[in-house]
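Undergrad: My questions will all concern the structure given below.
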Amino acid sequence: MSELLADIETLIRCESPSSDHDAVARSAEVVAGVGRRLLGVEPERIVVDGVTHLRWRFGDGPARVLLLGHHDTVWPHGSLETHPFSVRDGVLRGPGCFDMKAGVVMALHAAATVPDRTGLSILVTGDEEIGSPSSRALIEETAAGCDAAFVLEASADGGALKCRRKGVSQYRIEVVGRASHAGLEPEKGINAGIEIAHQVLAAAAIADPEAGTSVTPTVVSAGTTVNTVPAAASVAVDVRVWNEAEQLRVDRAMRELRPVLEGAEVRVTGGINRPPLEEGSSAGLFALAQELAGELGLGELTSASVGGASDGNYTAGMGIPTLDGLGAVGGGAHADDEHVVVAELPRRTALLGALVENVLAKRGPSGATNPAGESGTARQ
């Protein structure tokens, strides 16, 4: 436990806001150092568009299990001064502790307990908090052909594993109108502000609350001066869906939006960002996790469906069985009360190690364990 806590503290004390590539690179070196000590090998350092990602791959054959996490956070520089690292009364605190530096450390410690790591890959990315623009292709490349992806995002309330996540789409609606003087000749203008109001209502109407589909206009912008008919306006739209069919329906409907005002132009950009992590992607692995938790004396595991997305959405979208929320138990992600329950750290790390070992040995729920080969070495 003391080593686990010390490694989490080390990662937290190296601030790594997603937007600062130099800070993310420094954090990657800290993560690499912890992994090197525990696993005995260096990771690949993969820099894409200035963002540093780390990957360990063991054995010479195909990848079979992926441990997936990220080391960037939403917390800006200086957050350690306002939210210092601490461990008191069984609770660990510090910026990024719950989402998800504790999970990264848990992944490395769990991997270190697996006697034969042949077929295991560990990927720690550096831009998950901003939508994984530079790491998506790397995630999909590393996950290809795997029997399982275990995602070290923090657990849901009460320690529940995240077996279902909504898919995410992001759009931008832009309107082009025509400017005119608001006092002298407003009738000569085409008011982009009024048109964007029509588009906000039209986009919101695409939602289907009964299906759990939300279509939420967020940031709206229009106009330049108070006495000018706006010539341009825009709105960002956030979409969350439970299944692929709904994601495609919303995508079609967004692209079919048309102007209401004569002479106005409407352009829709953006699209699907993360596919849904549907329940079927997690069912088999969750059953195995429940069985192993019983064997380890960890008590009953529960599952949850959540609206937020993670990199596990990408692996599930590829058809890779994916189990998420295997990281820290606690709460307050992205918030002032972010925290981790210390007593659960070794318990959940043990569960993760057992999951990796059993999938590598081709064990399913209530299935037999096949003998594994000799220990693998990392391939670069």
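Note on naming: chains are A, B, ... as they come in the structure tokens, residues start from 1 per chain, ligands start from 1 in the order shown.
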Go through range 302-359 of chain A and flag each residue having an atom no more than 10 Å from range 156-177 of chain A; for those, report the closest pair of atoms plus their distance in Å to one decimal, using only C-alpha atoms, ordered by chain and rising number, as a tab-separated table.
TA:
residue	atom	partner	partner_atom	distance
A:Thr302	CA	A:Ala160	CA	4.7
A:Ser303	CA	A:Leu161	CA	4.7
A:Ala304	CA	A:Lys162	CA	5.0
A:Ser305	CA	A:Arg164	CA	4.6
A:Val306	CA	A:Arg165	CA	5.1
A:Gly307	CA	A:Lys166	CA	5.0
A:Gly308	CA	A:Lys166	CA	6.2
A:Ala309	CA	A:Arg165	CA	5.8
A:Ser310	CA	A:Arg165	CA	8.0
A:Gly312	CA	A:Arg165	CA	8.7
A:Asn313	CA	A:Gly167	CA	7.1
A:Tyr314	CA	A:Gly167	CA	9.5
A:Ala316	CA	A:Arg165	CA	9.9
A:Gly317	CA	A:Gly167	CA	9.5
A:Thr322	CA	A:Cys163	CA	8.0
A:Leu323	CA	A:Cys163	CA	6.1
A:Asp324	CA	A:Lys162	CA	4.9
A:Gly325	CA	A:Leu161	CA	4.7
A:Leu326	CA	A:Leu161	CA	6.2
A:Gly327	CA	A:Leu161	CA	8.9
A:Ala328	CA	A:Gly159	CA	7.9
A:Val329	CA	A:Gly159	CA	5.1
A:Gly330	CA	A:Gly159	CA	7.3
A:Gly331	CA	A:Asp157	CA	7.2
A:Val341	CA	A:Gly159	CA	9.7
A:Glu344	CA	A:Gly159	CA	8.8
A:Arg348	CA	A:Gly159	CA	9.3
Undergrad: At a cut-off of 8 Å, using only C-alpha atoms, what residues contact range 47-57 of chain A? Leave out same-chain residues fewer than 2 positions from it and give the result as an mmCIF file with N, CA, C and O atoms, in the first residue's frame.
TA:
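The new file result-v3.cif reads:
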data_model
loop_
_atom_site.group_PDB
_atom_site.id
_atom_site.type_symbol
_atom_site.label_atom_id
_atom_site.label_comp_id
_atom_site.auth_asym_id
_atom_site.auth_seq_id
_atom_site.Cartn_x
_atom_site.Cartn_y
_atom_site.Cartn_z
ATOM 1 N N HIS A 21 1.767 21.058 -23.664
ATOM 2 C CA HIS A 21 2.466 19.875 -24.157
ATOM 3 C C HIS A 21 3.767 19.614 -23.414
ATOM 4 O O HIS A 21 4.158 18.452 -23.223
ATOM 5 N N VAL A 24 2.815 17.925 -20.182
ATOM 6 C CA VAL A 24 2.418 16.539 -20.452
ATOM 7 C C VAL A 24 3.653 15.676 -20.722
ATOM 8 O O VAL A 24 3.730 14.523 -20.284
ATOM 9 N N ALA A 25 4.630 16.231 -21.408
ATOM 10 C CA ALA A 25 5.873 15.490 -21.663
ATOM 11 C C ALA A 25 6.612 15.200 -20.357
ATOM 12 O O ALA A 25 7.150 14.103 -20.167
ATOM 13 N N ALA A 28 4.807 12.467 -18.624
ATOM 14 C CA ALA A 28 5.074 11.172 -19.262
ATOM 15 C C ALA A 28 6.365 10.561 -18.744
ATOM 16 O O ALA A 28 6.448 9.337 -18.542
ATOM 17 N N ALA A 32 6.719 7.059 -16.971
ATOM 18 C CA ALA A 32 7.686 6.095 -17.506
ATOM 19 C C ALA A 32 8.609 5.584 -16.409
ATOM 20 O O ALA A 32 8.952 4.393 -16.366
ATOM 21 N N GLU A 42 11.559 -0.087 -20.409
ATOM 22 C CA GLU A 42 11.146 1.250 -20.838
ATOM 23 C C GLU A 42 9.907 1.154 -21.734
ATOM 24 O O GLU A 42 9.754 0.190 -22.488
ATOM 25 N N PRO A 43 9.050 2.152 -21.695
ATOM 26 C CA PRO A 43 7.944 2.199 -22.648
ATOM 27 C C PRO A 43 8.387 2.847 -23.955
ATOM 28 O O PRO A 43 9.434 3.494 -24.024
ATOM 29 N N GLU A 44 7.591 2.673 -24.975
ATOM 30 C CA GLU A 44 7.724 3.519 -26.163
ATOM 31 C C GLU A 44 7.219 4.913 -25.793
ATOM 32 O O GLU A 44 6.186 5.048 -25.134
ATOM 33 N N ARG A 45 7.927 5.922 -26.244
ATOM 34 C CA ARG A 45 7.452 7.302 -26.116
ATOM 35 C C ARG A 45 6.985 7.739 -27.499
ATOM 36 O O ARG A 45 7.787 7.863 -28.417
ATOM 37 N N GLY A 59 5.874 -9.384 -25.184
ATOM 38 C CA GLY A 59 5.854 -10.566 -26.023
ATOM 39 C C GLY A 59 5.970 -10.217 -27.494
ATOM 40 O O GLY A 59 5.806 -9.059 -27.898
ATOM 41 N N ALA A 63 -1.171 -8.665 -29.655
ATOM 42 C CA ALA A 63 -1.704 -8.125 -28.409
ATOM 43 C C ALA A 63 -3.034 -8.802 -28.091
ATOM 44 O O ALA A 63 -3.839 -9.064 -28.977
ATOM 45 N N GLY A 119 1.453 -10.823 -24.475
ATOM 46 C CA GLY A 119 0.184 -10.423 -25.058
ATOM 47 C C GLY A 119 -0.440 -9.208 -24.413
ATOM 48 O O GLY A 119 -1.494 -8.733 -24.859
ATOM 49 N N LEU A 120 0.195 -8.668 -23.373
ATOM 50 C CA LEU A 120 -0.333 -7.492 -22.680
ATOM 51 C C LEU A 120 0.233 -6.211 -23.283
ATOM 52 O O LEU A 120 1.430 -6.113 -23.551
ATOM 53 N N SER A 121 -0.632 -5.223 -23.466
ATOM 54 C CA SER A 121 -0.214 -3.873 -23.845
ATOM 55 C C SER A 121 -0.761 -2.891 -22.815
ATOM 56 O O SER A 121 -1.868 -3.067 -22.310
ATOM 57 N N ILE A 122 0.029 -1.879 -22.524
ATOM 58 C CA ILE A 122 -0.398 -0.794 -21.630
ATOM 59 C C ILE A 122 -0.226 0.501 -22.403
ATOM 60 O O ILE A 122 0.868 0.793 -22.893
ATOM 61 N N LEU A 123 -1.301 1.277 -22.512
ATOM 62 C CA LEU A 123 -1.244 2.541 -23.232
ATOM 63 C C LEU A 123 -1.710 3.656 -22.304
ATOM 64 O O LEU A 123 -2.826 3.596 -21.766
ATOM 65 N N VAL A 124 -0.845 4.651 -22.115
ATOM 66 C CA VAL A 124 -1.169 5.816 -21.279
ATOM 67 C C VAL A 124 -1.072 7.046 -22.172
ATOM 68 O O VAL A 124 0.022 7.430 -22.594
ATOM 69 N N THR A 125 -2.209 7.650 -22.455
ATOM 70 C CA THR A 125 -2.260 8.752 -23.418
ATOM 71 C C THR A 125 -2.191 10.109 -22.716
ATOM 72 O O THR A 125 -2.359 10.197 -21.498
ATOM 73 N N GLY A 126 -1.988 11.155 -23.512
ATOM 74 C CA GLY A 126 -1.783 12.478 -22.948
ATOM 75 C C GLY A 126 -2.798 13.525 -23.350
ATOM 76 O O GLY A 126 -2.579 14.716 -23.082
ATOM 77 N N ASP A 127 -3.928 13.126 -23.947
ATOM 78 C CA ASP A 127 -4.901 14.151 -24.371
ATOM 79 C C ASP A 127 -6.355 13.690 -24.261
ATOM 80 O O ASP A 127 -7.228 14.221 -24.940
ATOM 81 N N SER A 134 -5.104 13.474 -30.732
ATOM 82 C CA SER A 134 -3.853 12.912 -31.246
ATOM 83 C C SER A 134 -3.675 11.440 -30.901
ATOM 84 O O SER A 134 -2.775 10.787 -31.434
ATOM 85 N N SER A 135 -4.519 10.905 -30.034
ATOM 86 C CA SER A 135 -4.298 9.528 -29.566
ATOM 87 C C SER A 135 -5.320 8.524 -30.075
ATOM 88 O O SER A 135 -5.118 7.317 -29.903
ATOM 89 N N ALA A 378 9.079 -6.884 -22.917
ATOM 90 C CA ALA A 378 8.463 -5.776 -23.656
ATOM 91 C C ALA A 378 9.086 -5.667 -25.020
ATOM 92 O O ALA A 378 10.299 -5.777 -25.181
ATOM 93 N N ARG A 379 8.245 -5.402 -26.031
ATOM 94 C CA ARG A 379 8.783 -5.139 -27.354
ATOM 95 C C ARG A 379 8.615 -3.660 -27.649
ATOM 96 O O ARG A 379 7.605 -3.058 -27.285
ATOM 97 N N GLN A 380 9.589 -3.082 -28.259
ATOM 98 C CA GLN A 380 9.559 -1.642 -28.515
ATOM 99 C C GLN A 380 8.950 -1.362 -29.879
ATOM 100 O O GLN A 380 8.932 -2.200 -30.745
#
Undergrad: Between A:Asp238, A:Val91, A:Gly33, A:Pro321, which residue has the minimum interatomic distance to Glu279 in chain A, considering only C-alpha atoms?
TA: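 Between A:Asp238, A:Val91, A:Gly33, A:Pro321, the residue approaching Glu279 in chain A most closely is A:Pro321.
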Undergrad: Run DSSP on the backbone and tell me which residues of range 47-247 of chain A come out as strand (DSSP E); list them as a PyMOL selection string.
TA: chain A and resi 47-48+51-57+65-70+86-88+91-93+120-125+148-151+161-165+167-176+214-222+232-241
Undergrad: Using only C-alpha atoms, which of A:Leu360, A:Ile194, A:Leu5, A:Ala203 sits nearest Val114 in chain A?
TA: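 Among the listed residues, the smallest separation from Val114 in chain A belongs to A:Leu360.
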Undergrad: Grab the CA of Ala202 in chain A to CA of Leu257 in chain A distance for me, in Å with one decimal place.
TA: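 Interatomic distance here is 7.6 Å.
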Undergrad: How would you write, as a PyMOL selection string, the set of residues in range 114-173 of chain A that DSSP gives as alpha helix (DSSP H)?
TA: chain A and resi 136-143
Undergrad: Go ahead and dump the residues you just picked, C-alpha atoms, as a compact mmCIF listing (two decimals), in the first residue's frame.
TA:
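The result, stored in again_1.txt:
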# COMPACT_ATOMS: atom_id res chain seq x y z
CA ARG A 136 -7.41 8.01 -31.13
CA ALA A 137 -5.53 6.35 -33.98
CA LEU A 138 -2.92 5.07 -31.51
CA ILE A 139 -5.64 3.64 -29.25
CA GLU A 140 -7.29 1.86 -32.15
CA GLU A 141 -3.96 0.55 -33.46
CA THR A 142 -2.98 -0.80 -30.04
CA ALA A 143 -6.40 -2.32 -29.33
Undergrad: Just want the 10 Å neighbourhood of Glu300 in chain A, counted on only C-alpha atoms, with same-chain residues fewer than 2 positions away dropped. Output as a PyMOL selection string.
TA: chain A and resi 160+289-291+293-294+297-298+302
